[in-house]
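Enquirer: Input query23.pdb, format and content: PDB, C-alpha atoms.
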```pdb
ATOM      1  CA  MET A 302      -2.384  -6.799 -24.403
ATOM      2  CA  ALA A 303       0.713  -6.958 -22.238
ATOM      3  CA  ILE A 304       3.399  -4.300 -22.295
ATOM      4  CA  ASN A 305       5.718  -4.764 -25.282
ATOM      5  CA  PRO A 306       9.076  -6.155 -24.001
ATOM      6  CA  ASP A 307      10.872  -4.859 -27.124
ATOM      7  CA  TYR A 308      10.857  -1.418 -25.477
ATOM      8  CA  VAL A 309      13.429  -2.343 -22.799
ATOM      9  CA  GLY A 310      16.396  -0.006 -23.157
ATOM     10  CA  ARG A 311      14.511   2.529 -25.235
ATOM     11  CA  THR A 312      15.101   6.209 -24.458
ATOM     12  CA  PHE A 313      12.314   8.592 -25.367
ATOM     13  CA  GLU A 314      12.537  12.162 -26.631
ATOM     14  CA  PRO A 315      13.046  14.719 -23.845
ATOM     15  CA  SER A 316       9.953  16.558 -22.631
ATOM     16  CA  GLU A 317       9.223  20.157 -23.552
ATOM     17  CA  PRO A 318      11.125  22.566 -21.249
ATOM     18  CA  TYR A 319       9.304  23.091 -17.940
ATOM     19  CA  GLU A 320       9.761  26.391 -16.117
ATOM     20  CA  VAL A 321       9.564  25.994 -12.346
ATOM     21  CA  SER A 322       7.624  28.915 -10.855
ATOM     22  CA  ARG A 323       7.279  30.274  -7.333
ATOM     23  CA  VAL A 324       3.510  30.011  -7.610
ATOM     24  CA  LYS A 325       3.632  26.310  -8.551
ATOM     25  CA  ILE A 326       6.092  25.480  -5.766
ATOM     26  CA  ALA A 327       3.887  27.275  -3.215
ATOM     27  CA  GLU A 328       0.782  25.524  -4.559
ATOM     28  CA  PHE A 329       2.474  22.120  -4.312
ATOM     29  CA  ALA A 330       3.841  22.847  -0.821
ATOM     30  CA  THR A 331       0.360  23.828   0.361
ATOM     31  CA  ALA A 332      -1.165  20.685  -1.180
ATOM     32  CA  ILE A 333       1.178  18.446   0.831
ATOM     33  CA  GLY A 334       1.043  20.608   3.974
ATOM     34  CA  GLU A 335       4.741  21.546   3.831
ATOM     35  CA  PRO A 336       4.877  24.681   6.009
ATOM     36  CA  SER A 337       8.434  25.875   5.286
ATOM     37  CA  PRO A 338       8.953  29.529   4.298
ATOM     38  CA  LEU A 339      11.784  28.264   2.053
ATOM     39  CA  CYS A 340       9.044  27.104  -0.342
ATOM     40  CA  ARG A 341       7.308  30.509  -0.345
ATOM     41  CA  ASP A 342       9.589  33.366   0.654
ATOM     42  CA  ARG A 343      12.479  34.184  -1.666
ATOM     43  CA  ALA A 344      14.374  36.137   0.998
ATOM     44  CA  ALA A 345      14.111  33.225   3.444
ATOM     45  CA  ALA A 346      15.317  30.784   0.773
ATOM     46  CA  GLN A 347      18.251  33.049  -0.100
ATOM     47  CA  ALA A 348      19.129  33.441   3.579
ATOM     48  CA  ALA A 349      19.351  29.632   3.682
ATOM     49  CA  GLY A 350      21.753  29.652   0.720
ATOM     50  CA  TYR A 351      19.372  28.889  -2.158
ATOM     51  CA  PRO A 352      19.012  31.047  -5.295
ATOM     52  CA  ASP A 353      15.220  31.256  -4.945
ATOM     53  CA  VAL A 354      12.339  29.361  -3.292
ATOM     54  CA  ILE A 355      12.929  25.604  -3.408
ATOM     55  CA  ALA A 356      10.598  22.727  -4.164
ATOM     56  CA  PRO A 357       9.870  19.849  -1.756
ATOM     57  CA  PRO A 358      11.663  16.599  -2.729
ATOM     58  CA  THR A 359       8.705  14.921  -4.460
ATOM     59  CA  PHE A 360       7.885  17.999  -6.581
ATOM     60  CA  ALA A 361      10.034  16.446  -9.324
ATOM     61  CA  ILE A 362       7.067  14.146 -10.100
ATOM     62  CA  VAL A 363       5.336  17.157 -11.679
ATOM     63  CA  VAL A 364       8.154  17.323 -14.219
ATOM     64  CA  THR A 365       8.753  13.597 -14.704
ATOM     65  CA  SER A 366       5.090  12.651 -15.078
ATOM     66  CA  ALA A 367       4.867  14.865 -18.161
ATOM     67  CA  SER A 368       7.758  12.906 -19.666
ATOM     68  CA  ASN A 369       6.234   9.578 -18.650
ATOM     69  CA  ALA A 370       2.880  10.613 -20.161
ATOM     70  CA  ASN A 371       4.630  10.787 -23.564
ATOM     71  CA  LEU A 372       5.942   7.297 -23.019
ATOM     72  CA  MET A 373       2.686   5.835 -21.720
ATOM     73  CA  SER A 374       0.708   7.147 -24.668
ATOM     74  CA  ASP A 375       2.916   5.320 -27.212
ATOM     75  CA  PRO A 376       0.379   2.860 -28.691
ATOM     76  CA  ASP A 377       3.063   0.292 -29.592
ATOM     77  CA  LEU A 378       4.199   0.113 -25.948
ATOM     78  CA  GLY A 379       0.733  -1.230 -25.147
ATOM     79  CA  VAL A 380       0.179   0.063 -21.618
ATOM     80  CA  ASN A 381      -3.431  -0.304 -20.448
ATOM     81  CA  TYR A 382      -3.502   2.805 -18.289
ATOM     82  CA  ALA A 383      -6.775   1.890 -16.547
ATOM     83  CA  MET A 384      -5.065  -1.178 -15.068
ATOM     84  CA  VAL A 385      -1.866   0.573 -13.972
ATOM     85  CA  VAL A 386      -0.895   1.229 -10.362
ATOM     86  CA  HIS A 387       2.220   2.921  -9.041
ATOM     87  CA  GLY A 388       4.542   0.299  -7.550
ATOM     88  CA  GLU A 389       7.711   2.112  -6.535
ATOM     89  CA  GLN A 390       9.203   5.581  -6.774
ATOM     90  CA  SER A 391      12.543   7.113  -5.934
ATOM     91  CA  PHE A 392      14.343  10.407  -6.386
ATOM     92  CA  THR A 393      18.045  11.169  -6.203
ATOM     93  CA  HIS A 394      18.663  14.905  -6.146
ATOM     94  CA  THR A 395      21.911  16.615  -7.088
ATOM     95  CA  ARG A 396      20.237  19.724  -5.674
ATOM     96  CA  PRO A 397      16.658  20.880  -4.988
ATOM     97  CA  LEU A 398      14.609  22.293  -7.853
ATOM     98  CA  HIS A 399      14.126  26.030  -7.391
ATOM     99  CA  ALA A 400      11.985  28.740  -8.921
ATOM    100  CA  GLY A 401      13.484  29.909 -12.201
ATOM    101  CA  ASP A 402      14.824  26.490 -13.186
ATOM    102  CA  VAL A 403      13.944  25.528 -16.750
ATOM    103  CA  VAL A 404      14.235  21.763 -16.951
ATOM    104  CA  VAL A 405      13.675  18.900 -19.346
ATOM    105  CA  ALA A 406      12.951  15.304 -18.392
ATOM    106  CA  GLN A 407      14.068  12.324 -20.441
ATOM    107  CA  SER A 408      12.889   8.785 -19.734
ATOM    108  CA  THR A 409      14.407   5.388 -20.468
ATOM    109  CA  ILE A 410      12.668   2.047 -19.947
ATOM    110  CA  GLU A 411      14.997  -0.059 -17.789
ATOM    111  CA  SER A 412      12.976  -3.252 -17.524
ATOM    112  CA  ILE A 413       9.669  -4.888 -18.391
ATOM    113  CA  LYS A 414       8.916  -8.059 -16.459
ATOM    114  CA  GLN A 415       6.005 -10.445 -16.364
ATOM    115  CA  VAL A 416       5.247 -11.684 -12.826
ATOM    116  CA  ARG A 417       2.259 -14.050 -12.634
ATOM    117  CA  ASN A 418      -0.601 -12.058 -14.202
ATOM    118  CA  MET A 419       1.072  -8.695 -13.692
ATOM    119  CA  THR A 420       3.574  -6.771 -15.772
ATOM    120  CA  THR A 421       6.016  -4.393 -14.117
ATOM    121  CA  MET A 422       7.763  -1.644 -16.039
ATOM    122  CA  ALA A 423      10.683   0.266 -14.518
ATOM    123  CA  THR A 424      11.677   3.634 -15.943
ATOM    124  CA  VAL A 425      14.442   6.056 -15.102
ATOM    125  CA  THR A 426      13.948   9.743 -15.845
ATOM    126  CA  GLN A 427      16.767  12.266 -15.856
ATOM    127  CA  VAL A 428      15.847  15.846 -15.005
ATOM    128  CA  ARG A 429      18.348  18.405 -16.244
ATOM    129  CA  THR A 430      18.277  22.135 -16.792
ATOM    130  CA  VAL A 431      18.157  23.252 -20.416
ATOM    131  CA  ASP A 432      21.868  24.082 -19.927
ATOM    132  CA  GLY A 433      22.572  20.427 -19.137
ATOM    133  CA  GLU A 434      23.013  20.617 -15.353
ATOM    134  CA  HIS A 435      21.774  17.432 -13.684
ATOM    135  CA  VAL A 436      19.149  18.101 -10.991
ATOM    136  CA  CYS A 437      17.366  14.830 -10.286
ATOM    137  CA  THR A 438      17.195  11.172 -11.269
ATOM    138  CA  ALA A 439      13.728   9.685 -10.763
ATOM    139  CA  ARG A 440      12.995   5.971 -10.894
ATOM    140  CA  SER A 441       9.465   4.683 -11.211
ATOM    141  CA  THR A 442       7.954   1.215 -11.337
ATOM    142  CA  LEU A 443       4.472   0.847 -12.732
ATOM    143  CA  VAL A 444       2.438  -2.329 -12.324
ATOM    144  CA  GLU A 445      -0.157  -3.324 -14.892
ATOM    145  CA  ARG A 446      -2.660  -5.739 -13.408
ATOM    146  CA  GLY A 447      -4.499  -8.415 -15.359
ATOM    147  CA  ALA A 448      -3.494  -9.172 -18.964
TER     148      ALA A 448
ATOM    149  CA  MET B 508       9.807  19.853  16.435
ATOM    150  CA  ALA B 509      13.415  20.893  16.980
ATOM    151  CA  SER B 510      15.704  19.803  14.172
ATOM    152  CA  PRO B 511      18.709  17.708  15.164
ATOM    153  CA  SER B 512      22.288  18.441  14.163
ATOM    154  CA  TYR B 513      24.511  15.945  12.393
ATOM    155  CA  HIS B 514      26.948  16.289  15.252
ATOM    156  CA  ASP B 515      24.356  15.212  17.819
ATOM    157  CA  VAL B 516      22.345  12.575  16.017
ATOM    158  CA  GLN B 517      23.257   8.913  16.472
ATOM    159  CA  ALA B 518      22.540   5.855  14.366
ATOM    160  CA  GLY B 519      19.539   4.085  15.869
ATOM    161  CA  ALA B 520      17.869   7.315  16.997
ATOM    162  CA  GLU B 521      14.115   7.255  16.577
ATOM    163  CA  ILE B 522      12.348  10.174  14.939
ATOM    164  CA  ALA B 523       9.124  11.110  16.741
ATOM    165  CA  PRO B 524       6.157   9.663  14.811
ATOM    166  CA  ARG B 525       3.564  12.016  13.403
ATOM    167  CA  GLN B 526       0.005  11.610  12.187
ATOM    168  CA  TYR B 527      -1.330  13.260   9.060
ATOM    169  CA  GLN B 528      -5.033  13.556   8.313
ATOM    170  CA  VAL B 529      -5.959  13.053   4.660
ATOM    171  CA  MET B 530      -9.441  14.117   3.582
ATOM    172  CA  ARG B 531     -11.168  14.122   0.201
ATOM    173  CA  ARG B 532     -10.446  17.823  -0.232
ATOM    174  CA  ASP B 533      -6.728  17.103   0.211
ATOM    175  CA  LEU B 534      -6.892  14.640  -2.696
ATOM    176  CA  VAL B 535      -8.569  17.247  -4.892
ATOM    177  CA  ARG B 536      -5.961  19.827  -3.927
ATOM    178  CA  TYR B 537      -3.107  17.392  -4.572
ATOM    179  CA  ALA B 538      -4.609  16.408  -7.940
ATOM    180  CA  GLY B 539      -4.587  20.042  -9.003
ATOM    181  CA  ALA B 540      -1.113  20.763  -7.678
ATOM    182  CA  SER B 541       0.484  17.630  -9.161
ATOM    183  CA  GLY B 542      -1.521  17.285 -12.358
ATOM    184  CA  ASP B 543      -2.524  13.687 -11.503
ATOM    185  CA  PHE B 544      -6.283  13.614 -12.176
ATOM    186  CA  ASN B 545      -6.720   9.827 -12.148
ATOM    187  CA  VAL B 546     -10.410   9.354 -11.256
ATOM    188  CA  ILE B 547      -9.736   6.710  -8.584
ATOM    189  CA  HIS B 548      -8.497   9.595  -6.413
ATOM    190  CA  TRP B 549     -11.792  11.512  -6.452
ATOM    191  CA  ASN B 550     -14.628   9.410  -7.877
ATOM    192  CA  GLU B 551     -16.030   6.762  -5.522
ATOM    193  CA  ARG B 552     -18.225   5.172  -8.203
ATOM    194  CA  ILE B 553     -15.296   4.517 -10.527
ATOM    195  CA  ALA B 554     -12.924   3.550  -7.698
ATOM    196  CA  LYS B 555     -15.374   0.840  -6.598
ATOM    197  CA  SER B 556     -15.985  -0.284 -10.186
ATOM    198  CA  VAL B 557     -12.282  -1.186 -10.532
ATOM    199  CA  GLY B 558     -12.313  -3.184  -7.295
ATOM    200  CA  LEU B 559     -11.116  -0.612  -4.759
ATOM    201  CA  PRO B 560     -12.901  -0.310  -1.405
ATOM    202  CA  ASP B 561     -13.366   3.456  -1.885
ATOM    203  CA  VAL B 562     -11.504   6.486  -3.212
ATOM    204  CA  ILE B 563      -7.768   6.108  -2.502
ATOM    205  CA  ALA B 564      -5.075   8.732  -1.982
ATOM    206  CA  HIS B 565      -2.415   9.291  -4.642
ATOM    207  CA  GLY B 566       0.611   7.169  -3.752
ATOM    208  CA  MET B 567       2.657  10.269  -4.462
ATOM    209  CA  LEU B 568       0.676  12.191  -1.823
ATOM    210  CA  THR B 569       1.551   9.533   0.766
ATOM    211  CA  MET B 570       5.185   9.743  -0.352
ATOM    212  CA  ALA B 571       5.008  13.554  -0.154
ATOM    213  CA  LEU B 572       3.751  13.340   3.448
ATOM    214  CA  ALA B 573       6.691  11.085   4.286
ATOM    215  CA  GLY B 574       8.941  13.628   2.562
ATOM    216  CA  ARG B 575       7.412  16.415   4.634
ATOM    217  CA  TYR B 576       8.020  14.342   7.768
ATOM    218  CA  LEU B 577      11.714  14.242   6.818
ATOM    219  CA  THR B 578      12.064  17.869   5.752
ATOM    220  CA  GLU B 579      10.285  19.134   8.884
ATOM    221  CA  TRP B 580      12.608  16.945  10.959
ATOM    222  CA  ALA B 581      15.678  18.305   9.149
ATOM    223  CA  GLY B 582      14.337  21.876   9.106
ATOM    224  CA  ASP B 583      14.925  22.337   5.371
ATOM    225  CA  PRO B 584      12.706  21.267   2.425
ATOM    226  CA  GLY B 585      15.923  20.880   0.399
ATOM    227  CA  ALA B 586      17.522  18.438   2.848
ATOM    228  CA  VAL B 587      16.312  15.165   1.320
ATOM    229  CA  THR B 588      18.860  14.141  -1.303
ATOM    230  CA  GLU B 589      17.694  10.559  -1.863
ATOM    231  CA  PHE B 590      14.242   9.172  -1.219
ATOM    232  CA  GLY B 591      12.657   5.918  -2.349
ATOM    233  CA  VAL B 592       9.501   4.008  -1.432
ATOM    234  CA  ARG B 593       7.405   1.021  -2.406
ATOM    235  CA  PHE B 594       3.636   1.566  -2.423
ATOM    236  CA  SER B 595       2.472  -1.549  -0.574
ATOM    237  CA  ALA B 596      -1.178  -0.728   0.171
ATOM    238  CA  PRO B 597      -3.551   2.121  -0.687
ATOM    239  CA  VAL B 598      -4.626   4.837   1.759
ATOM    240  CA  VAL B 599      -8.425   4.559   1.631
ATOM    241  CA  VAL B 600     -10.098   7.948   2.109
ATOM    242  CA  PRO B 601     -13.802   7.830   3.082
ATOM    243  CA  ASP B 602     -16.164  10.695   2.305
ATOM    244  CA  ASP B 603     -16.636  11.965   5.857
ATOM    245  CA  ASP B 604     -15.242  14.673   8.114
ATOM    246  CA  LYS B 605     -12.354  12.513   9.364
ATOM    247  CA  GLY B 606     -10.894  11.033   6.184
ATOM    248  CA  ALA B 607      -7.856   8.782   6.683
ATOM    249  CA  LEU B 608      -5.007   9.004   9.147
ATOM    250  CA  VAL B 609      -1.487   8.264   7.943
ATOM    251  CA  GLU B 610       1.036   7.638  10.712
ATOM    252  CA  ILE B 611       4.662   8.117   9.728
ATOM    253  CA  GLY B 612       7.665   7.148  11.798
ATOM    254  CA  GLY B 613      11.358   6.863  11.188
ATOM    255  CA  ALA B 614      14.752   6.013  12.569
ATOM    256  CA  VAL B 615      18.292   7.054  11.721
ATOM    257  CA  THR B 616      20.075   3.980  10.359
ATOM    258  CA  GLY B 617      23.533   5.416   9.695
ATOM    259  CA  LYS B 618      25.759   8.444   9.290
ATOM    260  CA  LEU B 619      27.540   9.255   6.022
ATOM    261  CA  ASP B 620      30.113  11.909   5.145
ATOM    262  CA  GLY B 621      28.968  15.422   4.261
ATOM    263  CA  ASN B 622      26.497  15.789   7.173
ATOM    264  CA  LEU B 623      24.271  13.140   5.576
ATOM    265  CA  VAL B 624      22.317  10.505   7.488
ATOM    266  CA  THR B 625      20.363   7.499   6.253
ATOM    267  CA  VAL B 626      16.795   7.150   7.511
ATOM    268  CA  GLU B 627      14.307   4.289   7.387
ATOM    269  CA  ILE B 628      10.662   5.314   7.299
ATOM    270  CA  THR B 629       7.460   3.520   8.228
ATOM    271  CA  ALA B 630       3.982   4.591   7.117
ATOM    272  CA  ARG B 631       0.709   3.046   8.231
ATOM    273  CA  SER B 632      -2.942   3.798   7.676
ATOM    274  CA  GLY B 633      -5.373   1.762   9.731
ATOM    275  CA  ASP B 634      -3.957  -1.766   9.868
ATOM    276  CA  ALA B 635      -2.027  -1.459   6.599
ATOM    277  CA  LYS B 636       1.604  -0.655   5.938
ATOM    278  CA  VAL B 637       1.123   1.798   3.104
ATOM    279  CA  LEU B 638       4.829   2.279   2.328
ATOM    280  CA  THR B 639       7.553  -0.345   2.570
ATOM    281  CA  ARG B 640      11.259  -0.266   1.659
ATOM    282  CA  ALA B 641      11.095   3.461   2.429
ATOM    283  CA  HIS B 642      14.583   4.908   2.771
ATOM    284  CA  ALA B 643      16.049   8.368   2.533
ATOM    285  CA  VAL B 644      19.331  10.216   2.731
ATOM    286  CA  VAL B 645      18.917  13.508   4.584
ATOM    287  CA  ARG B 646      21.361  16.362   5.078
ATOM    288  CA  LEU B 647      21.403  17.821   8.563
ATOM    289  CA  ALA B 648      22.910  21.033   9.854
ATOM    290  CA  ALA B 649      26.481  20.322  11.027
ATOM    291  CA  VAL B 650      25.738  21.838  14.413
ATOM    292  CA  LEU B 651      22.742  23.687  15.805
ATOM    293  CA  ALA B 652      22.802  27.179  14.344
ATOM    294  CA  GLN B 653      20.930  28.863  17.151
ATOM    295  CA  GLY B 654      18.859  28.143  20.212
ATOM    296  CA  GLY B 655      19.302  25.274  22.620
ATOM    297  CA  ASP B 656      22.595  24.585  24.302
ATOM    298  CA  PRO B 657      25.744  25.864  22.634
ATOM    299  CA  LEU B 658      27.762  23.106  21.014
ATOM    300  CA  GLU B 659      31.383  22.673  20.171
ATOM    301  CA  PRO B 660      31.624  22.208  16.415
ATOM    302  CA  PRO B 661      33.147  18.840  15.445
ATOM    303  CA  GLN B 662      36.923  19.374  14.985
TER     304      GLN B 662
END
```
Mind turning the file's structure into structure tokens?
Expert:
Amino acid sequence: MAINPDYVGRTFEPSEPYEVSRVKIAEFATAIGEPSPLCRDRAAAQAAGYPDVIAPPTFAIVVTSASNANLMSDPDLGVNYAMVVHGEQSFTHTRPLHAGDVVVAQSTIESIKQVRNMTTMATVTQVRTVDGEHVCTARSTLVERGA
Amino acid sequence: MASPSYHDVQAGAEIAPRQYQVMRRDLVRYAGASGDFNVIHWNERIAKSVGLPDVIAHGMLTMALAGRYLTEWAGDPGAVTEFGVRFSAPVVVPDDDKGALVEIGGAVTGKLDGNLVTVEITARSGDAKVLTRAHAVVRLAAVLAQGGDPLEPPQ
């Protein structure tokens, strides 16, 4: 079953609030080999002008993938997850995520296109604090093979 | 690697390429840190059953390495304000003590207001371009804060 084109333009419910922790930022930084003390040492981050330790730029995927998991599991959307690969990804940051942020992610499907035997689905996810401050806009294109 | 200042850097400047080794244990660690437990990133049997040559790295890990390349260059993990890539080929990670090598390079393509520069990134593993259309906007220090030769601040 191909992805349901009726979902273009649909905005999904925001994700549950996600609290960004120092431990998670340090874990993520270590996993990608990012050596900066600004990801681990609060005093160093504050000396650089940040409120607390900051996350590397692609950390936002941890928050947005939770929101996209809601979307992908919608049975009427018809995504065959086993056949999905990640096509494109981008992030536009108003500011870095930092420890202590409590954020929600909300996704909208921007396009669903059939190209030969593949379907591409582009989503945009807005990451905001629970107080409504914009932190990051993430765009993702998934490619479903076959169908 | 010494970080450049906005004042000093010129459009067209190359950023020194770097190589990153990616081993199976790095994929396991990234899976845990990111929450992406897709089996094609750790199970060779299933990866091959869906037509892949072997276990492949998370695209987001490759993108994260390119992000690290930029943030280490800028000297600040918060310096990358815009960052986009296309995943054009997988990074295949064999089960041995070498894993895969990802070579990342870049060049400054322009200067914007606010100490921002645009950067184009290349990423290869073996013979494959693993990222294409990889662009970023990076904030640099206005002038070098310390070390090196003293600079006159712009204006």
Enquirer: So, counting only C-alpha atoms, which residue among B:Glu551, B:Asp533, B:Glu521, B:Glu610 is closest to chain A?
Expert: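 Result for the nearest residue to chain A: B:Asp533.
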Enquirer: To one decimal place, how far is atom CA of B:Ala554 from atom CA of B:Pro601 in Å?
Expert: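 Interatomic distance, atom CA of B:Ala554 to atom CA of B:Pro601: 11.6 Å.
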Enquirer: Name every residue that the PyMOL selection byres ((chain A and resi 398) around 8) selects in this structure, writing the answer as number ranges by chain with chains first and numbers rising.
Expert: A: 321, 355-356, 361, 396-397, 399-400, 402, 436
Enquirer: Once the ChimeraX specification (/B :<10) & /A is applied to the coordinates I shared, what remains selected? I want it as a PyMOL selection string.
Expert: chain A and resi 325-340+346+349+351+354-364+366-367+382-384+386-399+437-442
Enquirer: Might I get the box with edges along x, y and z of the file that holds all atoms of stretch 323-340 of chain A listed there, padded by 6 Å on every side, given as centre and edge lengths in Å to one decimal, as AutoDock Vina command-line options?
Expert:
```
--center_x 5.3 --center_y 24.4 --center_z -1.3 --size_x 24.9 --size_y 23.8 --size_z 26.6
```
Enquirer: For atom CA of B:Ile563 and atom CA of B:Val600, determine how far apart the two atoms are, in Å to one decimal place.
Expert: 5.5 Å
Enquirer: Here's the selection I'm unsure about, the PyMOL selection byres ((chain A and resi 433) around 12); applied to the file above, which residues does it give, as a list in words?
Expert: Pro318, Asp402, Val403, Val404, Val405, Ala406, Gln407, Gln427, Val428, Arg429, Thr430, Val431, Asp432, Glu434, His435, Val436 and Cys437 of chain A
Enquirer: Would you compute the distance between atom CA of B:Val562 and atom CA of B:Val598? Give it in Å to one decimal.
Expert: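 A separation of 8.6 Å between them.
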Enquirer: Set the distance at 12 Å and use all atoms listed in the file: which residues neighbour A:Asp307 once local chain neighbours fewer than 5 positions away are removed? I'd like the list as a list of chain:residue names.
Expert: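 What passes the distance filter is A:Asp377, A:Leu378, A:Gly379, A:Ile410, A:Glu411, A:Ser412, A:Ile413, A:Lys414, A:Met422.
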Enquirer: Any idea what's packed within 8 Å of A:Gly401, counting all atoms listed in the file, ignoring anything in its chain fewer than 3 positions away? Could you give it as a PyMOL selection string?
Expert: chain A and resi 320-323+353
Enquirer: Just C-alpha atoms for this one: save the residues we selected as a PDB file, in the coordinates of the input.
Expert:
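This is the output file again-v1.pdb:
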```pdb
ATOM      1  CA  GLU A 320       9.761  26.391 -16.117  1.00  0.00           C
ATOM      2  CA  VAL A 321       9.564  25.994 -12.346  1.00  0.00           C
ATOM      3  CA  SER A 322       7.624  28.915 -10.855  1.00  0.00           C
ATOM      4  CA  ARG A 323       7.279  30.274  -7.333  1.00  0.00           C
ATOM      5  CA  ASP A 353      15.220  31.256  -4.945  1.00  0.00           C
TER       6      ASP A 353
END
```
Enquirer: Which one is closest to B:Gln517: B:Leu647, B:Asn622, B:Gly633, B:Val615? Count only C-alpha atoms.
Expert: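 The shortest atom-to-atom distance to B:Gln517 comes from B:Val615.
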Enquirer: Is it possible to add N, CA and C atoms to stretch 426-441 of chain A and hand it back as a short mmCIF file (atom, residue, chain, number, x, y, z; two decimals), keeping the file's coordinate frame?
Expert:
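What follows is the written file result_18.cif:
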```cif
data_model
loop_
_atom_site.label_atom_id
_atom_site.label_comp_id
_atom_site.auth_asym_id
_atom_site.auth_seq_id
_atom_site.Cartn_x
_atom_site.Cartn_y
_atom_site.Cartn_z
N THR A 426 14.12 8.45 -15.19
CA THR A 426 13.95 9.74 -15.84
C THR A 426 14.99 10.70 -15.31
N GLN A 427 15.75 11.28 -16.24
CA GLN A 427 16.77 12.27 -15.86
C GLN A 427 16.18 13.66 -16.01
N VAL A 428 16.30 14.45 -14.96
CA VAL A 428 15.85 15.85 -15.00
C VAL A 428 17.08 16.73 -15.03
N ARG A 429 17.20 17.51 -16.09
CA ARG A 429 18.35 18.40 -16.24
C ARG A 429 17.83 19.79 -16.61
N THR A 430 18.63 20.80 -16.30
CA THR A 430 18.28 22.14 -16.79
C THR A 430 18.52 22.15 -18.31
N VAL A 431 17.94 23.15 -18.96
CA VAL A 431 18.16 23.25 -20.42
C VAL A 431 19.63 23.49 -20.74
N ASP A 432 20.42 23.92 -19.74
CA ASP A 432 21.87 24.08 -19.93
C ASP A 432 22.63 22.79 -19.67
N GLY A 433 21.92 21.73 -19.29
CA GLY A 433 22.57 20.43 -19.14
C GLY A 433 22.99 20.08 -17.72
N GLU A 434 22.66 20.92 -16.75
CA GLU A 434 23.01 20.62 -15.35
C GLU A 434 22.05 19.57 -14.80
N HIS A 435 22.62 18.48 -14.26
CA HIS A 435 21.77 17.43 -13.68
C HIS A 435 21.16 17.90 -12.37
N VAL A 436 19.84 17.70 -12.23
CA VAL A 436 19.15 18.10 -10.99
C VAL A 436 18.63 16.88 -10.24
N CYS A 437 18.03 15.94 -10.97
CA CYS A 437 17.37 14.83 -10.29
C CYS A 437 17.30 13.61 -11.20
N THR A 438 17.48 12.44 -10.59
CA THR A 438 17.20 11.17 -11.27
C THR A 438 15.99 10.55 -10.57
N ALA A 439 14.94 10.28 -11.34
CA ALA A 439 13.73 9.68 -10.76
C ALA A 439 13.55 8.29 -11.34
N ARG A 440 13.30 7.33 -10.45
CA ARG A 440 13.00 5.97 -10.89
C ARG A 440 11.57 5.64 -10.50
N SER A 441 10.87 4.98 -11.43
CA SER A 441 9.46 4.68 -11.21
C SER A 441 9.18 3.27 -11.68
#
```
